[in-house]
Amino acid sequence: MLRTALRNVLAHKARLMMTALAVLLGTAFVSGTLIFSDTVEGAFRNKMSKSLDDVAVQVTAGRPGTDAQDDGALDSRVVGTLRALPGVASVRPSVSGVVVVADKHNDPAGSDWGSTGANYVPGKDGKDSRYPLVTGRGPAAEGEIALDAKTAGKAGAEVGDTVRLAVDGPVLGKKLVGIVETDDPRVTSGGSLALFDTATAQKLLGSKGRFSELVVTAKPGADQQQLTAKVREVLPKTFEVQSGAQLAAEQSKMIDHETSSIRNTFLVFAGISLFVGVFIIANTFTMLIAQRSREIALLRAVGASRRQVVRSVLAEAAVLGLVASAGGFALGLGIAVGLPRLLKATGAELPDGPLVVEPSVVLTALAVGVVVTVLAAWLPSRKAAKIAPVEALASVDQAPATRSLVVRNSLGAALTSLGVALMLYVTTLRDSGGLTVAMAGSALTLAGVIVLAPLLSRPFVHLFGKAATRFSGVSGKLAKENALRNPRRTAATASALMIGLTLITGLTVGAVSANQGMDKKGPQQLTADFKVKSASYLGLSPEVGKEVAKQPGVAAAVPLRSTGFQSEEKPALATAADATRIGKVADVRVTAGSLSGVQGTGAVAVSAKFAEEHALTVGSAVRMSFYDGKKAAPKVAAVYADNDVLGEVLTAPALIDPHLERVRDDEVLVKAAPGQAAGLPGRIKEALGGNPLIKVETPEDLRRQASGNIDPILNLSYGLLGMAVLIAVIGVVNTLAMSVFERTREIGMLRAIGMARREVKQMVRLESVMIAMFGAVLGVGVGIFLAWSGGHLLRSSFPQYEMTVPWARIGIFLLLALAVGVLAAVWPARRAARLNMLESIGAQ
Amino acid sequence: MSRATAFPVPPAPGGTGGAVAARATALSKVYGHGETRVAALDAVDVEFRRAEFTAIMGPSGSGKSTLMHCMAGLDSISSGSARIGEVELGTLDDRRLTRLRRDKVGFVFQAFNLLPTLTALENITLPLAIAGRRPDAGWVERIVATLGLSGRLAHRPSQLSGGQQQRVAVARALAAKPEIVFADEPTGNLDSRSGTELLGFLQESVRALGQTVVMVTHDPVAASYADRVVFLADGRIVDEMREPTAGAVLDRMKAFEVNGRTN
């Protein structure tokens, strides 16, 4: 039987091509993902272990905010202690923190979280091996700085120029003396690097004489474990001491975690692509078996058992799957080789490393391809087994009896109702605990609609066919009849497209709604025109607020600062501001008491929610435990309606200032005088000395930032789902090509009685468009329903979320589906139009 | 009745007996080149008169199907001339040829004449639908009645017998009032009773409806229904017979086969 299977595959090469392509793309996705992630992981590991090669022990100061000062600081005394230990070759003391370098426009040269400042530690040769010099020399005096090449480029500075920078206060100018290389991932992924001599770095970034981290290298032969134990012994407990091996293990775990989450995400999308491929494989085998029914009947007539027929079909599928997945593996390998280059060309930073091809990946790719193909051919093979031997004797081709859809429709209706019921139940849930239910409901709804698709295709094709007949005459009418001829085939082809579009629509609606929710969330009670903020997490010096208030055109400038505290064991946030002027920049609705009472350390205002949670009314005391261990119990002077700007508790600065490590403002809210808003951000920035730390944001900026987090994810999903859509398009091409093949005689006859080539093409094209549009409309409908019902899960954690259907974008999806239909028909339609009439009429 | 074509309106069928509906002059059809060159038709001269039922007979490979295909505009010609009415087929491109087939030629093939997705009536009016023309209701009714299909118009081909399917095919070929109808072994797939019935209908469509029919067949009984039989052998017209009978046709065929062998 294997030989029959092989012969069949070879005999139907052309007809199996599209199916093979679908399997090939799916397996290429899987193997490409696996090889790429293995390679990247290998390269990261390699690099990490290289950078940790010299590290025997690493000592870091305790977590920020803890009382490290009391037990002793990481200072040169500690360095001395460590250097004196036997087995220690050297100790590299480093200081690091946030330093914002100004670019040509006085904006930060690096991203908010990647603006790094550190100390340059010259070795015996006067150079720091961690930062190899490209030009110039290392910084050695207070007025000197070194930058990495990228930052220097953004700042437009060359050696000898003055570089402007800021840490948390005024702008500083330092002379650029050298340009270095770095592989620090924070810097390479969009940050910036500024290096100072150790004393300057300490002065700028930490307290004088302190380090943030000590790296101990061991003398050859010294045992890392023992050395670590020794270091732990001689140092106070507040320091974190880790051996090089521990660090390596930790990093390895982190790499594992990160690469596996990326890998799993990609594999989910690869799985979707393969699932879509199942429909194409099943369609192809159903069609092949219908075309070969007489042949199969003959085999049965001469004594082949049902089981042998099934086996021969499955063997054919296995051969196809094996060949296609071998091709898929090769393509996946190509993707894994090409992808890093492509990513690097677009500016992403990936470590170099050899291609890692685990033998298990080869096996996985082949197994996935074969199993998926064989499983998809399972139902068609059972149909083949049901062909009666007597059909071989039928002299005239009879139209295959259309099998009843009753069982299928009942099953579909049951699945769909169950899925819809679950989703409706989800809409009544208040918390996000219903995620599992929602996922099950979505899967059931989708599966149900797929099963019901043949039934649903009728009214759709009828409606669409009517329009097509009106505009294209007989081509439209024939296209309609062809699409209705085999509802299962039409439905399976459309379902493949529907899956992709359901996901795309669902994600789009979710993302757009979330974006809209963010818009509402951020500035809801904010009436200020601008926010002045710091690019560093260290906040703004109180001078900034005073300076801003002095600017002409500023009606009000209200600085806000905040601190966390606990009240009855629950964490909460206190915001400090001038309560008498807060009303100028925020919409505060006081429900009891008066804000004017919020003065000094004795009185605060609380939000309605906080008041309810802690059973507070005007006059009662709020118990506040600050993180410095001190407590306070101010009286409630006012209760206000929940407010995004103020949070839970509004105090006067005098109450929280003593508990802050440094008195810094989070932001300054600015209200412009009437008609003065235009150009004010630039004037404020200029007045503050062009400090790169200072950002003046408009509410629109905030909105853009919020949506900036969602859009790239949405775009990535579009890209990954693109593969599933591509496979679905191949499915449409496949179905049409096989239909054209089946209808060769009809097309020949139509041509003979006077149908023009153009009209034949139009007929195939319209059928294609009907299938594609059916899939798209179903997908969009199901996608919107699932997004609507699933969105209710966000209600409690994200109350501003409200479903918004981006009709324009949905319209674009439908137009794209139309284009897909037209494009998918190009090749089959051309084949149909080019058929040789005389041969077609005589074709068997 | 309005025609959306550039062709001259043909004279009403049945009126001008004796006029020529289609004519081949020195028509040759050659396949292949050099060594593999085969002349399927070798300078054939033949006329098909209006309102006449002509049968083309000949052994397999005689070129009878090729002659029909060339005359009907289904196949290109190598040299000579093939005309339907006043139109020279050799000068037409594919688009015009298609339009000519649509408007001036009717076809009945041996099998698979019908689209399974359309009803009998829709199949009958298909060429008109392709042309975007409204069917002449009176004419269609007359054809349907003549062919005995009145009760079957809403059926799909799968619900019709083989004979009924072929009658629908004949009705379709006649529906657009073509200049000429070509039938290629129309009874080849039918049992003898259905075949006899169909030939009777073809005869009737010539006699009662004034249509012009050219039928390719290898069955002497089928040929005997025609007004005239043209004999083809080795790509040439070798003989012609008027008012044929099955016996006479059979004798003539036997004579050719003997000649063929001695050649």
# chains A, B, ... in the order shown; residues from 1 in each chain; ligands from 1
>>> select_by_dssp(residues="region 16-227 of chain A", states="helix (DSSP H, G or I)", output="PyMOL selection string")
chain A and resi 16-51+68-71+76-84+149-155+185-188+198-205+224-227
>>> interface_residues(of="chain A", to="chain B", cutoff="8 Å", atoms="only C-alpha atoms", output="PDB file with N, CA, C and O atoms, in the first residue's frame")
ATOM      1  N   GLN A 398     -22.260   9.969 -11.687  1.00  0.00           N
ATOM      2  CA  GLN A 398     -23.426  10.515 -11.010  1.00  0.00           C
ATOM      3  C   GLN A 398     -22.966  11.587 -10.059  1.00  0.00           C
ATOM      4  O   GLN A 398     -21.880  11.492  -9.505  1.00  0.00           O
ATOM      5  N   ALA A 399     -23.807  12.571  -9.939  1.00  0.00           N
ATOM      6  CA  ALA A 399     -23.472  13.594  -8.961  1.00  0.00           C
ATOM      7  C   ALA A 399     -23.439  12.913  -7.602  1.00  0.00           C
ATOM      8  O   ALA A 399     -24.338  12.133  -7.288  1.00  0.00           O
ATOM      9  N   GLY A 473     -23.850  39.517 -14.171  1.00  0.00           N
ATOM     10  CA  GLY A 473     -24.678  38.656 -15.003  1.00  0.00           C
ATOM     11  C   GLY A 473     -24.433  37.189 -14.727  1.00  0.00           C
ATOM     12  O   GLY A 473     -24.293  36.771 -13.579  1.00  0.00           O
ATOM     13  N   VAL A 474     -24.296  36.439 -15.825  1.00  0.00           N
ATOM     14  CA  VAL A 474     -24.266  34.994 -15.687  1.00  0.00           C
ATOM     15  C   VAL A 474     -23.018  34.512 -14.946  1.00  0.00           C
ATOM     16  O   VAL A 474     -23.068  33.514 -14.233  1.00  0.00           O
ATOM     17  N   SER A 475     -21.894  35.232 -15.037  1.00  0.00           N
ATOM     18  CA  SER A 475     -20.692  34.831 -14.290  1.00  0.00           C
ATOM     19  C   SER A 475     -20.987  34.839 -12.798  1.00  0.00           C
ATOM     20  O   SER A 475     -20.569  33.938 -12.060  1.00  0.00           O
ATOM     21  N   LEU A 478     -23.333  31.867 -11.952  1.00  0.00           N
ATOM     22  CA  LEU A 478     -22.626  30.587 -11.937  1.00  0.00           C
ATOM     23  C   LEU A 478     -21.680  30.506 -10.734  1.00  0.00           C
ATOM     24  O   LEU A 478     -21.536  29.457 -10.117  1.00  0.00           O
ATOM     25  N   GLU A 481     -23.727  29.582  -7.792  1.00  0.00           N
ATOM     26  CA  GLU A 481     -24.115  28.171  -7.803  1.00  0.00           C
ATOM     27  C   GLU A 481     -22.919  27.282  -7.466  1.00  0.00           C
ATOM     28  O   GLU A 481     -23.055  26.274  -6.773  1.00  0.00           O
ATOM     29  N   ASN A 482     -21.731  27.661  -7.965  1.00  0.00           N
ATOM     30  CA  ASN A 482     -20.539  26.868  -7.671  1.00  0.00           C
ATOM     31  C   ASN A 482     -20.191  26.915  -6.187  1.00  0.00           C
ATOM     32  O   ASN A 482     -19.784  25.910  -5.605  1.00  0.00           O
ATOM     33  N   ARG A 485     -22.497  24.710  -4.370  1.00  0.00           N
ATOM     34  CA  ARG A 485     -22.506  23.325  -4.819  1.00  0.00           C
ATOM     35  C   ARG A 485     -22.025  22.386  -3.724  1.00  0.00           C
ATOM     36  O   ARG A 485     -22.576  21.322  -3.510  1.00  0.00           O
ATOM     37  N   ARG A 745     -14.630  19.966 -17.636  1.00  0.00           N
ATOM     38  CA  ARG A 745     -15.563  19.721 -18.739  1.00  0.00           C
ATOM     39  C   ARG A 745     -16.615  20.817 -18.827  1.00  0.00           C
ATOM     40  O   ARG A 745     -16.970  21.270 -19.912  1.00  0.00           O
ATOM     41  N   GLU A 746     -17.092  21.214 -17.648  1.00  0.00           N
ATOM     42  CA  GLU A 746     -18.100  22.281 -17.639  1.00  0.00           C
ATOM     43  C   GLU A 746     -17.548  23.567 -18.229  1.00  0.00           C
ATOM     44  O   GLU A 746     -18.226  24.249 -18.986  1.00  0.00           O
ATOM     45  N   MET A 749     -17.311  23.295 -21.895  1.00  0.00           N
ATOM     46  CA  MET A 749     -18.635  23.429 -22.496  1.00  0.00           C
ATOM     47  C   MET A 749     -19.069  24.899 -22.510  1.00  0.00           C
ATOM     48  O   MET A 749     -19.572  25.400 -23.520  1.00  0.00           O
ATOM     49  N   ARG A 751     -17.200  27.498 -22.547  1.00  0.00           N
ATOM     50  CA  ARG A 751     -16.424  28.216 -23.554  1.00  0.00           C
ATOM     51  C   ARG A 751     -17.004  27.921 -24.935  1.00  0.00           C
ATOM     52  O   ARG A 751     -17.118  28.798 -25.778  1.00  0.00           O
ATOM     53  N   ALA A 752     -17.366  26.647 -25.165  1.00  0.00           N
ATOM     54  CA  ALA A 752     -17.871  26.266 -26.481  1.00  0.00           C
ATOM     55  C   ALA A 752     -19.173  26.990 -26.804  1.00  0.00           C
ATOM     56  O   ALA A 752     -19.373  27.456 -27.918  1.00  0.00           O
ATOM     57  N   ILE A 753     -20.055  27.106 -25.811  1.00  0.00           N
ATOM     58  CA  ILE A 753     -21.329  27.741 -26.126  1.00  0.00           C
ATOM     59  C   ILE A 753     -21.241  29.268 -26.024  1.00  0.00           C
ATOM     60  O   ILE A 753     -22.261  29.939 -26.079  1.00  0.00           O
ATOM     61  N   GLY A 754     -20.039  29.772 -25.872  1.00  0.00           N
ATOM     62  CA  GLY A 754     -19.892  31.201 -26.079  1.00  0.00           C
ATOM     63  C   GLY A 754     -19.540  32.039 -24.867  1.00  0.00           C
ATOM     64  O   GLY A 754     -19.711  33.252 -24.875  1.00  0.00           O
ATOM     65  N   MET A 755     -19.028  31.407 -23.814  1.00  0.00           N
ATOM     66  CA  MET A 755     -18.591  32.225 -22.690  1.00  0.00           C
ATOM     67  C   MET A 755     -17.161  32.685 -22.965  1.00  0.00           C
ATOM     68  O   MET A 755     -16.300  31.875 -23.306  1.00  0.00           O
ATOM     69  N   ALA A 756     -16.934  33.980 -22.835  1.00  0.00           N
ATOM     70  CA  ALA A 756     -15.607  34.517 -23.122  1.00  0.00           C
ATOM     71  C   ALA A 756     -14.647  34.152 -21.994  1.00  0.00           C
ATOM     72  O   ALA A 756     -15.062  33.886 -20.872  1.00  0.00           O
ATOM     73  N   ARG A 757     -13.342  34.151 -22.312  1.00  0.00           N
ATOM     74  CA  ARG A 757     -12.324  33.864 -21.293  1.00  0.00           C
ATOM     75  C   ARG A 757     -12.484  34.805 -20.092  1.00  0.00           C
ATOM     76  O   ARG A 757     -12.363  34.411 -18.953  1.00  0.00           O
ATOM     77  N   MET A 837     -10.363  24.101 -24.976  1.00  0.00           N
ATOM     78  CA  MET A 837     -11.785  23.747 -25.033  1.00  0.00           C
ATOM     79  C   MET A 837     -12.018  22.308 -25.432  1.00  0.00           C
ATOM     80  O   MET A 837     -12.762  21.578 -24.802  1.00  0.00           O
ATOM     81  N   LEU A 838     -11.381  21.903 -26.536  1.00  0.00           N
ATOM     82  CA  LEU A 838     -11.674  20.575 -27.079  1.00  0.00           C
ATOM     83  C   LEU A 838     -11.216  19.483 -26.128  1.00  0.00           C
ATOM     84  O   LEU A 838     -11.917  18.516 -25.885  1.00  0.00           O
ATOM     85  N   ILE A 841     -13.612  19.349 -23.065  1.00  0.00           N
ATOM     86  CA  ILE A 841     -14.902  18.707 -23.282  1.00  0.00           C
ATOM     87  C   ILE A 841     -14.729  17.197 -23.279  1.00  0.00           C
ATOM     88  O   ILE A 841     -15.561  16.460 -22.766  1.00  0.00           O
TER      89      ILE A 841
END
>>> atom_distance(atom1="CA of Gly679 (chain A)", atom2="CA of Asp578 (chain A)")
26.2 Å
>>> select_by_dssp(residues="region 560-697 of chain A", states="strand (DSSP E)", output="MDAnalysis selection string")
chainID A and resid 560:567 570:576 590:593 603:607 624:626 631:632 635:640 649:651 667:672 694:697
>>> atom_distance(atom1="CA of Arg130 (chain A)", atom2="CA of Ser189 (chain A)")
17.9 Å
>>> residues_around(residues="Arg743 (chain A)", least_positions_apart="4", cutoff="10 Å", atoms="only C-alpha atoms", output="PyMOL selection string")
(chain A and resi 482+737-739+747-749+832+840+843) or (chain B and resi 115)
>>> residues_around(residues="Gly235 (chain B)", least_positions_apart="3", cutoff="9 Å", atoms="only C-alpha atoms", output="PyMOL selection string")
chain B and resi 28-29+39-44+61-64+66-67+232
>>> residues_around(residues="region 218-226 of chain B", least_positions_apart="6", cutoff="7 Å", atoms="only C-alpha atoms", output="NGL selection string")
:B and (53-55 or 57-59 or 199 or 203 or 244-246 or 249-250)
>>> write_last_selection(atoms="N, CA and C atoms", output="PDB file, in the first residue's frame")
ATOM      1  N   PHE B  53     -30.730  18.889 -42.531  1.00  0.00           N
ATOM      2  CA  PHE B  53     -30.131  18.057 -41.490  1.00  0.00           C
ATOM      3  C   PHE B  53     -29.041  17.238 -42.169  1.00  0.00           C
ATOM      4  N   THR B  54     -27.778  17.566 -41.870  1.00  0.00           N
ATOM      5  CA  THR B  54     -26.661  16.867 -42.500  1.00  0.00           C
ATOM      6  C   THR B  54     -25.972  15.973 -41.486  1.00  0.00           C
ATOM      7  N   ALA B  55     -25.624  14.757 -41.907  1.00  0.00           N
ATOM      8  CA  ALA B  55     -24.814  13.893 -41.046  1.00  0.00           C
ATOM      9  C   ALA B  55     -23.434  13.786 -41.658  1.00  0.00           C
ATOM     10  N   MET B  57     -20.265  11.376 -41.699  1.00  0.00           N
ATOM     11  CA  MET B  57     -19.910  10.012 -41.312  1.00  0.00           C
ATOM     12  C   MET B  57     -18.495   9.703 -41.739  1.00  0.00           C
ATOM     13  N   GLY B  58     -17.938   8.711 -41.100  1.00  0.00           N
ATOM     14  CA  GLY B  58     -16.610   8.276 -41.482  1.00  0.00           C
ATOM     15  C   GLY B  58     -16.040   7.428 -40.367  1.00  0.00           C
ATOM     16  N   PRO B  59     -15.063   6.609 -40.680  1.00  0.00           N
ATOM     17  CA  PRO B  59     -14.446   5.777 -39.637  1.00  0.00           C
ATOM     18  C   PRO B  59     -13.647   6.645 -38.663  1.00  0.00           C
ATOM     19  N   LEU B 199     -33.064  11.583 -31.995  1.00  0.00           N
ATOM     20  CA  LEU B 199     -32.871  11.828 -33.430  1.00  0.00           C
ATOM     21  C   LEU B 199     -34.161  12.350 -34.046  1.00  0.00           C
ATOM     22  N   GLN B 203     -34.588  15.867 -36.035  1.00  0.00           N
ATOM     23  CA  GLN B 203     -35.242  15.938 -37.329  1.00  0.00           C
ATOM     24  C   GLN B 203     -36.392  16.962 -37.289  1.00  0.00           C
ATOM     25  N   PRO B 244     -30.845   9.336 -47.153  1.00  0.00           N
ATOM     26  CA  PRO B 244     -30.182   8.077 -46.829  1.00  0.00           C
ATOM     27  C   PRO B 244     -31.117   7.118 -46.081  1.00  0.00           C
ATOM     28  N   THR B 245     -30.813   5.841 -46.207  1.00  0.00           N
ATOM     29  CA  THR B 245     -31.428   4.830 -45.344  1.00  0.00           C
ATOM     30  C   THR B 245     -30.284   4.159 -44.609  1.00  0.00           C
ATOM     31  N   ALA B 246     -30.593   3.532 -43.471  1.00  0.00           N
ATOM     32  CA  ALA B 246     -29.551   2.912 -42.660  1.00  0.00           C
ATOM     33  C   ALA B 246     -28.799   1.861 -43.469  1.00  0.00           C
ATOM     34  N   VAL B 249     -26.411   3.443 -46.073  1.00  0.00           N
ATOM     35  CA  VAL B 249     -25.252   4.052 -45.405  1.00  0.00           C
ATOM     36  C   VAL B 249     -24.271   2.973 -44.972  1.00  0.00           C
ATOM     37  N   LEU B 250     -24.815   1.901 -44.397  1.00  0.00           N
ATOM     38  CA  LEU B 250     -23.967   0.815 -43.907  1.00  0.00           C
ATOM     39  C   LEU B 250     -23.171   0.211 -45.056  1.00  0.00           C
TER      40      LEU B 250
END
>>> residues_around(residues="Glu204 (chain B)", least_positions_apart="3", cutoff="12 Å", atoms="only C-alpha atoms", output="ChimeraX atom specification")
/B:51-53,142-143,145-148,170-171,174,197-201,207-213,225-227
>>> residues_around(residues="Arg458 (chain A)", least_positions_apart="2", cutoff="10 Å", atoms="only C-alpha atoms", output="PyMOL selection string")
chain A and resi 453-456+460-464+480+483-485+487+490-491
>>> write_last_selection(atoms="all heavy atoms", output="CSV table (one decimal), in the first residue's frame")
chain,number,residue,atom,x,y,z
A,453,ALA,N,-20.6,26.4,9.8
A,453,ALA,CA,-20.3,27.2,8.6
A,453,ALA,C,-21.0,26.8,7.3
A,453,ALA,O,-21.5,27.7,6.6
A,453,ALA,CB,-18.8,27.3,8.4
A,454,PRO,N,-21.1,25.5,7.0
A,454,PRO,CA,-21.8,25.1,5.8
A,454,PRO,C,-23.3,25.6,5.8
A,454,PRO,O,-23.8,26.1,4.8
A,454,PRO,CB,-21.8,23.6,5.8
A,454,PRO,CG,-20.7,23.2,6.7
A,454,PRO,CD,-20.6,24.3,7.7
A,455,LEU,N,-23.9,25.6,7.0
A,455,LEU,CA,-25.3,26.1,7.0
A,455,LEU,C,-25.3,27.6,6.8
A,455,LEU,O,-26.2,28.1,6.1
A,455,LEU,CB,-25.9,25.7,8.4
A,455,LEU,CG,-27.3,26.2,8.7
A,455,LEU,CD1,-28.3,25.3,7.9
A,455,LEU,CD2,-27.7,26.1,10.1
A,456,LEU,N,-24.4,28.3,7.5
A,456,LEU,CA,-24.4,29.7,7.4
A,456,LEU,C,-24.0,30.2,6.0
A,456,LEU,O,-24.3,31.3,5.6
A,456,LEU,CB,-23.4,30.3,8.4
A,456,LEU,CG,-23.7,30.0,9.9
A,456,LEU,CD1,-22.6,30.4,10.8
A,456,LEU,CD2,-25.0,30.7,10.3
A,460,PHE,N,-25.6,33.5,3.2
A,460,PHE,CA,-24.6,34.5,2.8
A,460,PHE,C,-24.3,34.5,1.3
A,460,PHE,O,-24.3,35.5,0.6
A,460,PHE,CB,-23.2,34.3,3.5
A,460,PHE,CG,-22.2,35.3,3.1
A,460,PHE,CD1,-22.1,36.5,3.8
A,460,PHE,CD2,-21.3,35.0,2.1
A,460,PHE,CE1,-21.1,37.4,3.4
A,460,PHE,CE2,-20.3,35.9,1.7
A,460,PHE,CZ,-20.2,37.1,2.4
A,461,VAL,N,-24.1,33.3,0.8
A,461,VAL,CA,-23.7,33.1,-0.7
A,461,VAL,C,-24.9,33.6,-1.5
A,461,VAL,O,-24.8,34.2,-2.6
A,461,VAL,CB,-23.3,31.7,-1.0
A,461,VAL,CG1,-23.1,31.5,-2.5
A,461,VAL,CG2,-21.9,31.4,-0.3
A,462,HIS,N,-26.1,33.2,-1.0
A,462,HIS,CA,-27.3,33.6,-1.8
A,462,HIS,C,-27.4,35.2,-1.9
A,462,HIS,O,-27.6,35.7,-3.0
A,462,HIS,CB,-28.6,33.1,-1.1
A,462,HIS,CG,-29.1,31.8,-1.6
A,462,HIS,ND1,-29.6,31.7,-2.9
A,462,HIS,CD2,-29.2,30.6,-1.1
A,462,HIS,CE1,-29.9,30.5,-3.1
A,462,HIS,NE2,-29.6,29.8,-2.0
A,463,LEU,N,-27.2,35.8,-0.8
A,463,LEU,CA,-27.3,37.3,-0.8
A,463,LEU,C,-26.2,37.9,-1.6
A,463,LEU,O,-26.4,38.7,-2.5
A,463,LEU,CB,-27.1,37.7,0.7
A,463,LEU,CG,-27.6,39.1,1.0
A,463,LEU,CD1,-29.2,39.0,1.0
A,463,LEU,CD2,-27.1,39.6,2.4
A,464,PHE,N,-25.0,37.4,-1.4
A,464,PHE,CA,-23.8,37.9,-2.2
A,464,PHE,C,-24.0,37.6,-3.6
A,464,PHE,O,-23.7,38.4,-4.5
A,464,PHE,CB,-22.5,37.3,-1.6
A,464,PHE,CG,-21.3,38.0,-2.0
A,464,PHE,CD1,-20.8,38.9,-1.1
A,464,PHE,CD2,-20.7,37.8,-3.2
A,464,PHE,CE1,-19.6,39.6,-1.4
A,464,PHE,CE2,-19.5,38.5,-3.5
A,464,PHE,CZ,-19.0,39.4,-2.6
A,480,LYS,N,-22.1,31.9,-7.9
A,480,LYS,CA,-23.0,31.6,-6.7
A,480,LYS,C,-23.3,30.1,-6.7
A,480,LYS,O,-23.2,29.5,-5.6
A,480,LYS,CB,-24.2,32.4,-6.8
A,480,LYS,CG,-25.2,32.2,-5.7
A,480,LYS,CD,-26.5,32.9,-5.9
A,480,LYS,CE,-27.6,32.0,-6.4
A,480,LYS,NZ,-28.9,32.6,-6.6
A,483,ALA,N,-20.4,28.1,-5.6
A,483,ALA,CA,-20.0,28.2,-4.2
A,483,ALA,C,-21.0,27.4,-3.3
A,483,ALA,O,-20.7,26.9,-2.2
A,483,ALA,CB,-20.0,29.7,-3.8
A,484,LEU,N,-22.3,27.3,-3.8
A,484,LEU,CA,-23.3,26.6,-3.1
A,484,LEU,C,-23.2,25.1,-3.3
A,484,LEU,O,-23.8,24.3,-2.6
A,484,LEU,CB,-24.7,27.1,-3.5
A,484,LEU,CG,-25.1,28.4,-3.0
A,484,LEU,CD1,-26.4,28.8,-3.6
A,484,LEU,CD2,-25.2,28.4,-1.5
A,485,ARG,N,-22.5,24.7,-4.4
A,485,ARG,CA,-22.5,23.3,-4.8
A,485,ARG,C,-22.0,22.4,-3.7
A,485,ARG,O,-22.6,21.3,-3.5
A,485,ARG,CB,-21.6,23.2,-6.0
A,485,ARG,CG,-21.7,21.9,-6.7
A,485,ARG,CD,-20.6,21.8,-7.8
A,485,ARG,NE,-21.0,22.6,-8.9
A,485,ARG,CZ,-20.4,22.4,-10.1
A,485,ARG,NH1,-19.6,21.4,-10.3
A,485,ARG,NH2,-20.7,23.2,-11.1
A,487,PRO,N,-21.2,22.9,0.1
A,487,PRO,CA,-21.2,23.8,1.2
A,487,PRO,C,-20.0,23.5,2.2
A,487,PRO,O,-19.4,24.3,2.8
A,487,PRO,CB,-22.5,23.7,1.9
A,487,PRO,CG,-23.4,23.0,0.9
A,487,PRO,CD,-22.5,22.2,0.0
A,490,THR,N,-16.8,24.9,0.6
A,490,THR,CA,-16.8,26.4,0.8
A,490,THR,C,-16.6,26.8,2.2
A,490,THR,O,-15.8,27.6,2.5
A,490,THR,CB,-18.2,26.9,0.3
A,490,THR,OG1,-18.3,26.6,-1.1
A,490,THR,CG2,-18.2,28.4,0.4
A,491,ALA,N,-17.3,26.0,3.1
A,491,ALA,CA,-17.2,26.4,4.6
A,491,ALA,C,-15.8,26.1,5.1
A,491,ALA,O,-15.3,26.9,5.8
A,491,ALA,CB,-18.2,25.6,5.3
>>> atom_distance(atom1="CA of Val180 (chain A)", atom2="CA of Lys695 (chain A)")
28.1 Å
